[in-house]
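Pasted below: data-v5.cif, mmCIF, C-alpha atoms.
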```
data_start
loop_
_atom_site.label_atom_id
_atom_site.label_comp_id
_atom_site.auth_asym_id
_atom_site.auth_seq_id
_atom_site.Cartn_x
_atom_site.Cartn_y
_atom_site.Cartn_z
CA MET A 534 0.00 0.00 0.00
CA ASN A 535 1.39 3.38 -0.96
CA GLN A 536 1.73 5.96 1.77
CA PRO A 537 -0.58 8.94 1.17
CA LYS A 538 1.29 11.99 -0.08
CA SER A 539 2.27 14.49 2.60
CA ARG A 540 1.41 17.54 0.46
CA GLU A 541 -1.10 20.03 1.78
CA ASN A 542 -4.51 18.46 2.30
CA ALA A 543 -6.41 18.97 -0.95
CA TYR A 544 -9.73 19.06 0.87
CA GLU A 545 -8.61 21.79 3.26
CA LEU A 546 -7.08 23.79 0.41
CA ARG A 547 -10.33 23.56 -1.55
CA SER A 548 -12.32 24.45 1.55
CA ARG A 549 -10.15 27.50 2.26
CA THR A 550 -10.61 28.71 -1.32
CA ASN A 551 -14.38 28.33 -0.97
CA VAL A 552 -14.39 30.16 2.39
CA LEU A 553 -12.45 33.07 0.90
CA ARG A 554 -14.79 33.20 -2.10
CA LEU A 555 -17.81 33.13 0.23
CA PHE A 556 -16.24 35.84 2.40
CA ARG A 557 -15.76 38.08 -0.67
CA TRP A 558 -19.35 37.55 -1.83
CA ASN A 559 -20.68 38.19 1.69
CA GLY A 560 -18.69 41.42 1.78
CA ALA A 561 -19.98 42.43 -1.67
CA TRP A 562 -23.55 41.71 -0.58
CA ALA A 563 -23.09 43.78 2.61
CA VAL A 564 -21.77 46.68 0.52
CA ALA A 565 -24.61 46.33 -2.02
CA THR A 566 -27.16 46.24 0.83
CA ALA A 567 -25.64 49.32 2.45
CA LEU A 568 -25.76 51.08 -0.92
CA MET A 569 -29.42 50.11 -1.33
CA VAL A 570 -30.34 51.27 2.20
CA PHE A 571 -28.30 54.47 2.48
CA GLY A 572 -27.82 55.43 -1.19
CA PRO A 573 -31.26 57.01 -1.76
CA LYS A 574 -30.79 59.36 1.20
CA PHE A 575 -27.09 60.14 1.11
CA LEU A 576 -25.91 59.60 -2.47
CA TRP A 577 -28.59 60.24 -5.06
CA LYS A 578 -31.32 62.20 -3.22
CA ASN A 579 -34.10 59.65 -3.79
CA ALA A 580 -33.69 59.46 -7.58
CA LEU A 581 -35.93 56.48 -8.42
CA VAL A 582 -33.78 55.07 -11.25
CA PHE A 583 -30.72 54.77 -9.03
CA THR A 584 -32.77 53.23 -6.22
CA VAL A 585 -34.17 50.58 -8.57
CA LEU A 586 -30.66 49.90 -9.89
CA ALA A 587 -29.33 49.57 -6.34
CA VAL A 588 -32.10 47.09 -5.47
CA ALA A 589 -31.37 45.11 -8.65
CA LEU A 590 -27.67 45.08 -7.81
CA ASP A 591 -28.38 43.92 -4.26
CA VAL A 592 -30.61 41.09 -5.49
CA ALA A 593 -28.07 40.05 -8.15
CA VAL A 594 -25.17 39.98 -5.68
CA GLY A 595 -27.43 38.17 -3.19
CA ILE A 596 -28.16 35.45 -5.74
CA GLY A 597 -24.43 35.14 -6.44
CA MET A 598 -23.79 34.80 -2.70
CA ILE A 599 -26.40 32.06 -2.41
CA LEU A 600 -24.81 30.11 -5.29
CA VAL A 601 -21.33 30.47 -3.80
CA ASN A 602 -22.68 29.35 -0.42
CA LYS A 603 -24.30 26.35 -2.10
CA LYS A 604 -20.99 25.35 -3.66
CA TYR A 605 -19.23 25.87 -0.32
CA LEU A 606 -21.69 23.50 1.37
CA ALA A 607 -21.48 20.95 -1.45
CA ASP A 608 -17.68 20.84 -1.20
CA LEU A 609 -17.62 20.29 2.56
CA ASP A 610 -16.90 16.83 3.89
CA GLU A 611 -19.69 15.01 5.68
CA LEU A 612 -18.75 16.04 9.23
CA GLN A 613 -18.42 19.72 8.33
CA ARG A 614 -21.69 19.53 6.42
CA LYS A 615 -23.36 18.01 9.49
CA VAL A 616 -22.04 20.87 11.65
CA GLN A 617 -23.35 23.42 9.12
CA LEU A 618 -26.71 21.66 8.86
CA ASN A 619 -27.11 21.62 12.65
CA SER A 620 -26.21 25.32 12.82
CA MET A 621 -28.65 26.22 10.05
CA GLY A 622 -31.42 24.16 11.68
CA ILE A 623 -30.92 25.85 15.05
CA THR A 624 -30.75 29.27 13.39
CA LEU A 625 -33.96 28.67 11.44
CA GLY A 626 -35.71 27.48 14.60
CA VAL A 627 -34.54 30.43 16.67
CA GLY A 628 -35.52 32.81 13.85
CA LEU A 629 -39.03 31.39 13.73
CA ILE A 630 -39.50 31.06 17.47
CA ALA A 631 -38.15 34.53 18.22
CA GLY A 632 -39.48 36.28 15.11
CA ALA A 633 -43.19 35.58 15.50
CA PRO A 634 -43.51 36.66 19.17
CA PHE A 635 -41.26 39.67 18.48
CA SER A 636 -43.66 40.81 15.75
CA VAL A 637 -46.73 40.18 17.97
CA LEU A 638 -45.18 42.12 20.86
CA ASP A 639 -44.61 45.03 18.49
CA SER A 640 -48.14 44.83 17.04
CA TYR A 641 -49.71 45.07 20.49
CA HIS A 642 -47.24 47.74 21.66
CA VAL A 643 -45.89 45.54 24.44
CA ILE A 644 -42.33 46.53 23.59
CA PRO A 645 -41.47 50.23 23.53
CA PHE A 646 -39.63 50.04 20.18
CA HIS A 647 -40.33 48.96 16.61
CA ALA A 648 -39.61 45.28 15.83
CA ASP A 649 -36.94 45.94 13.24
CA ILE A 650 -35.99 43.08 10.90
CA ALA A 651 -32.34 43.98 11.57
CA SER A 652 -32.74 42.81 15.19
CA LEU A 653 -33.89 39.42 13.96
CA LEU A 654 -31.01 39.22 11.46
CA ILE A 655 -28.51 40.00 14.21
CA LEU A 656 -30.06 37.36 16.49
CA MET A 657 -29.96 34.77 13.68
CA SER A 658 -26.35 35.66 12.81
CA LEU A 659 -25.25 35.30 16.44
CA THR A 660 -27.19 32.04 16.80
CA PHE A 661 -25.51 30.64 13.68
CA ALA A 662 -22.05 31.72 14.85
CA VAL A 663 -22.47 30.25 18.34
CA SER A 664 -23.99 26.96 17.15
CA ASN A 665 -21.31 26.64 14.47
CA LEU A 666 -18.51 27.20 16.99
CA TYR A 667 -20.16 24.71 19.35
CA GLY A 668 -20.37 22.11 16.56
CA ARG A 669 -16.69 22.57 15.69
CA TRP A 670 -15.75 22.31 19.37
CA ARG A 671 -17.89 19.21 19.84
CA TYR A 672 -16.13 17.28 17.09
CA ARG A 673 -12.67 18.76 17.60
CA MET B 31 -19.90 2.18 16.00
CA LYS B 32 -16.30 1.25 16.74
CA ASN B 33 -13.44 1.23 14.28
CA ARG B 34 -9.78 0.31 13.88
CA LEU B 35 -8.84 3.39 11.92
CA LYS B 36 -6.35 4.67 14.46
CA VAL B 37 -4.61 1.29 14.73
CA LEU B 38 -4.46 0.82 10.96
CA ARG B 39 -3.12 4.34 10.52
CA ALA B 40 -0.50 3.83 13.23
CA GLU B 41 0.59 0.51 11.66
CA ARG B 42 1.36 2.40 8.47
CA ASP B 43 2.95 5.31 10.31
CA TRP B 44 0.54 7.81 8.78
CA THR B 45 -0.49 11.05 10.40
CA GLN B 46 -4.15 12.08 10.68
CA ALA B 47 -3.45 14.75 8.08
CA GLN B 48 -2.10 12.17 5.62
CA LEU B 49 -5.08 9.90 6.14
CA ALA B 50 -7.43 12.88 5.79
CA ASP B 51 -5.75 13.77 2.51
CA ALA B 52 -6.05 10.23 1.21
CA LEU B 53 -9.75 10.11 2.13
CA ASP B 54 -10.38 13.68 0.89
CA VAL B 55 -11.79 14.87 4.21
CA SER B 56 -10.62 17.27 6.90
CA ARG B 57 -8.22 16.20 9.64
CA GLN B 58 -10.98 17.02 12.13
CA THR B 59 -13.21 14.44 10.46
CA VAL B 60 -10.54 11.73 10.73
CA ASN B 61 -10.06 12.60 14.39
CA ALA B 62 -13.82 12.56 15.07
CA ILE B 63 -14.13 9.12 13.43
CA GLU B 64 -11.12 7.71 15.27
CA THR B 65 -12.44 8.90 18.63
CA GLY B 66 -15.92 7.55 17.90
CA LYS B 67 -17.59 10.97 17.94
CA PHE B 68 -18.74 10.66 14.35
CA ASP B 69 -19.78 7.69 12.24
CA PRO B 70 -18.76 7.92 8.58
CA SER B 71 -21.18 7.49 5.70
CA LEU B 72 -21.09 4.29 3.67
CA PRO B 73 -19.17 5.93 0.76
CA LEU B 74 -16.50 7.22 3.15
CA ALA B 75 -16.30 3.82 4.87
CA PHE B 76 -15.81 2.23 1.43
CA ARG B 77 -13.04 4.71 0.63
CA ALA B 78 -11.31 3.83 3.91
CA ALA B 79 -11.69 0.12 3.20
CA ARG B 80 -10.25 0.56 -0.30
CA LEU B 81 -7.36 2.62 1.06
CA PHE B 82 -6.39 -0.04 3.60
CA GLY B 83 -7.12 -2.92 1.23
CA MET B 84 -9.65 -4.40 3.65
CA ARG B 85 -13.37 -4.99 3.88
CA ILE B 86 -15.56 -2.45 5.67
CA GLU B 87 -16.48 -4.87 8.44
CA GLU B 88 -12.79 -5.46 9.15
CA ILE B 89 -12.45 -1.75 9.97
CA PHE B 90 -15.85 -0.76 11.34
CA HIS B 91 -18.05 -2.80 13.61
CA ASP B 92 -21.08 -2.31 15.82
CA PRO B 93 -20.52 -3.61 19.39
CA ALA B 94 -24.29 -3.84 19.94
CA LEU B 95 -24.62 -6.12 16.91
CA ASP B 96 -21.63 -8.19 18.05
CA ALA B 97 -23.30 -8.67 21.45
CA ALA B 98 -26.69 -9.52 19.95
CA CYS B 99 -25.39 -11.86 17.23
CA PRO B 100 -21.87 -13.04 18.19
CA SER B 101 -21.92 -15.61 15.39
CA VAL B 102 -22.14 -12.84 12.78
CA GLY B 103 -18.96 -11.24 14.06
CA THR B 104 -17.18 -14.58 14.12
CA GLU B 105 -18.26 -15.34 10.55
CA ILE B 106 -17.11 -11.94 9.35
CA LYS B 107 -13.71 -12.37 10.96
CA ALA B 108 -13.45 -15.82 9.43
CA GLY B 109 -14.26 -14.35 6.01
CA ARG B 110 -17.47 -16.32 5.54
#
```
Render the structure in this file as structure tokens.
Amino acid sequence: MNQPKSRENAYELRSRTNVLRLFRWNGAWAVATALMVFGPKFLWKNALVFTVLAVALDVAVGIGMILVNKKYLADLDELQRKVQLNSMGITLGVGLIAGAPFSVLDSYHVIPFHADIASLLILMSLTFAVSNLYGRWRYR
Amino acid sequence: MKNRLKVLRAERDWTQAQLADALDVSRQTVNAIETGKFDPSLPLAFRAARLFGMRIEEIFHDPALDAACPSVGTEIKAGR
């Protein structure tokens, strides 16, 4: 039996490339979203054409990010995919469980502030990060 | 599920990273399988079996099945 080559792990190299690509697309999407949100007020004084273009750009970059994320997940090995799947499942659950009551509390003025979607996104992002780190720690 | 991956790797003087490379998985995955924290899929078990030139049941085995049906384990080891 031949000894496996001691070169850099091809899987980890491929995974790192995918992570970097995903990171770039996430960054591009964040920039496109910021442009869409703040552009009308600060850059082009509510000119409708530019706003529509900014929305189209945000959606296009968002679709690209989804496709890159899909490839990232497809290239993961089965353990890493399991960790990601667990994290996504927990995040979806927390988003649903927290989102609905949050909206109801806002509707009936139980909370003194508006139930902004950004709050939910932040909660979901933190949930994903924590559950992902826990999964990596669990199988370390 | 128990396995002999660590023993087989040590017999060949391979590192976890080398085995991970040969199986096209991360080193963390090899470690998780070796320590019994994660059970590999059938395709990955087949890859490991091919790599070591053995049958899957010579590398991976279920202690619960061995206890329930000891004759099965004996037959597998005997190559029947």
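For the file at hand, the PyMOL selection byres ((chain B and resi 79) around 12) resolves to Asn33, Arg34, Leu35, Leu38, Ala52, Leu53, Pro70, Leu72, Pro73, Leu74, Ala75, Phe76, Arg77, Ala78, Arg80, Leu81, Phe82, Gly83, Met84, Arg85, Ile86, Glu87, Glu88, Ile89 and Phe90 of chain B.
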Put those residues in a file: C-alpha atoms, as an mmCIF file, keeping the file's coordinate frame.
```cif
data_model
loop_
_atom_site.group_PDB
_atom_site.id
_atom_site.type_symbol
_atom_site.label_atom_id
_atom_site.label_comp_id
_atom_site.auth_asym_id
_atom_site.auth_seq_id
_atom_site.Cartn_x
_atom_site.Cartn_y
_atom_site.Cartn_z
ATOM 1 C CA ASN B 33 -13.440 1.230 14.280
ATOM 2 C CA ARG B 34 -9.780 0.310 13.880
ATOM 3 C CA LEU B 35 -8.840 3.390 11.920
ATOM 4 C CA LEU B 38 -4.460 0.820 10.960
ATOM 5 C CA ALA B 52 -6.050 10.230 1.210
ATOM 6 C CA LEU B 53 -9.750 10.110 2.130
ATOM 7 C CA PRO B 70 -18.760 7.920 8.580
ATOM 8 C CA LEU B 72 -21.090 4.290 3.670
ATOM 9 C CA PRO B 73 -19.170 5.930 0.760
ATOM 10 C CA LEU B 74 -16.500 7.220 3.150
ATOM 11 C CA ALA B 75 -16.300 3.820 4.870
ATOM 12 C CA PHE B 76 -15.810 2.230 1.430
ATOM 13 C CA ARG B 77 -13.040 4.710 0.630
ATOM 14 C CA ALA B 78 -11.310 3.830 3.910
ATOM 15 C CA ARG B 80 -10.250 0.560 -0.300
ATOM 16 C CA LEU B 81 -7.360 2.620 1.060
ATOM 17 C CA PHE B 82 -6.390 -0.040 3.600
ATOM 18 C CA GLY B 83 -7.120 -2.920 1.230
ATOM 19 C CA MET B 84 -9.650 -4.400 3.650
ATOM 20 C CA ARG B 85 -13.370 -4.990 3.880
ATOM 21 C CA ILE B 86 -15.560 -2.450 5.670
ATOM 22 C CA GLU B 87 -16.480 -4.870 8.440
ATOM 23 C CA GLU B 88 -12.790 -5.460 9.150
ATOM 24 C CA ILE B 89 -12.450 -1.750 9.970
ATOM 25 C CA PHE B 90 -15.850 -0.760 11.340
#
```
State, in Å with one decimal place, the distance from atom CA of Leu606 of chain A to atom CA of Lys32 of chain B. 27.6 Å
Matched chain/residue IDs from the PyMOL selection byres ((chain A and resi 654-670) around 6), as a ChimeraX atom specification: /A:616,620,624,628,651-653,671-673
Do a neighbour search on Asn602 of chain A at 9 Å with all atoms listed in the file, toss out local chain neighbours closer than 5 positions, and write the hits as an mmCIF file with C-alpha atoms, in the coordinates of the input.
```cif
data_model
loop_
_atom_site.group_PDB
_atom_site.id
_atom_site.type_symbol
_atom_site.label_atom_id
_atom_site.label_comp_id
_atom_site.auth_asym_id
_atom_site.auth_seq_id
_atom_site.Cartn_x
_atom_site.Cartn_y
_atom_site.Cartn_z
ATOM 1 C CA ASN A 551 -14.380 28.330 -0.970
ATOM 2 C CA VAL A 552 -14.390 30.160 2.390
ATOM 3 C CA ARG A 554 -14.790 33.200 -2.100
ATOM 4 C CA LEU A 555 -17.810 33.130 0.230
ATOM 5 C CA TRP A 558 -19.350 37.550 -1.830
ATOM 6 C CA GLY A 597 -24.430 35.140 -6.440
ATOM 7 C CA ALA A 607 -21.480 20.950 -1.450
#
```
Could you please select, counting all atoms listed in the file, the residues of chain B within 10 Å of chain A and state them as a JSON list (two decimals) with C-alpha atoms, in the coordinates of the input?
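So the final result, stored in out_37.json, reads:
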```json
[["chain", "number", "residue", "atom", "x", "y", "z"],
["B", 42, "ARG", "CA", 1.36, 2.40, 8.47],
["B", 43, "ASP", "CA", 2.95, 5.31, 10.31],
["B", 44, "TRP", "CA", 0.54, 7.81, 8.78],
["B", 45, "THR", "CA", -0.49, 11.05, 10.40],
["B", 47, "ALA", "CA", -3.45, 14.75, 8.08],
["B", 48, "GLN", "CA", -2.10, 12.17, 5.62],
["B", 49, "LEU", "CA", -5.08, 9.90, 6.14],
["B", 50, "ALA", "CA", -7.43, 12.88, 5.79],
["B", 51, "ASP", "CA", -5.75, 13.77, 2.51],
["B", 52, "ALA", "CA", -6.05, 10.23, 1.21],
["B", 53, "LEU", "CA", -9.75, 10.11, 2.13],
["B", 54, "ASP", "CA", -10.38, 13.68, 0.89],
["B", 55, "VAL", "CA", -11.79, 14.87, 4.21],
["B", 56, "SER", "CA", -10.62, 17.27, 6.90],
["B", 57, "ARG", "CA", -8.22, 16.20, 9.64],
["B", 58, "GLN", "CA", -10.98, 17.02, 12.13],
["B", 59, "THR", "CA", -13.21, 14.44, 10.46],
["B", 60, "VAL", "CA", -10.54, 11.73, 10.73],
["B", 61, "ASN", "CA", -10.06, 12.60, 14.39],
["B", 62, "ALA", "CA", -13.82, 12.56, 15.07],
["B", 63, "ILE", "CA", -14.13, 9.12, 13.43],
["B", 65, "THR", "CA", -12.44, 8.90, 18.63],
["B", 66, "GLY", "CA", -15.92, 7.55, 17.90],
["B", 67, "LYS", "CA", -17.59, 10.97, 17.94],
["B", 68, "PHE", "CA", -18.74, 10.66, 14.35],
["B", 69, "ASP", "CA", -19.78, 7.69, 12.24],
["B", 70, "PRO", "CA", -18.76, 7.92, 8.58],
["B", 71, "SER", "CA", -21.18, 7.49, 5.70],
["B", 74, "LEU", "CA", -16.50, 7.22, 3.15],
["B", 81, "LEU", "CA", -7.36, 2.62, 1.06],
["B", 82, "PHE", "CA", -6.39, -0.04, 3.60],
["B", 83, "GLY", "CA", -7.12, -2.92, 1.23]]
```
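Against this structure, the PyMOL selection byres ((chain A and resi 598) around 12) ends up with A:Asn551, A:Val552, A:Arg554, A:Leu555, A:Phe556, A:Arg557, A:Trp558, A:Asn559, A:Gly560, A:Ala561, A:Trp562, A:Ala563, A:Ala565, A:Asp591, A:Val592, A:Ala593, A:Val594, A:Gly595, A:Ile596, A:Gly597, A:Ile599, A:Leu600, A:Val601, A:Asn602, A:Lys603, A:Lys604, A:Tyr605.
Put simply, atom CA of Thr566 of chain A is 24.2 Å away from atom CA of Ala633 of chain A.
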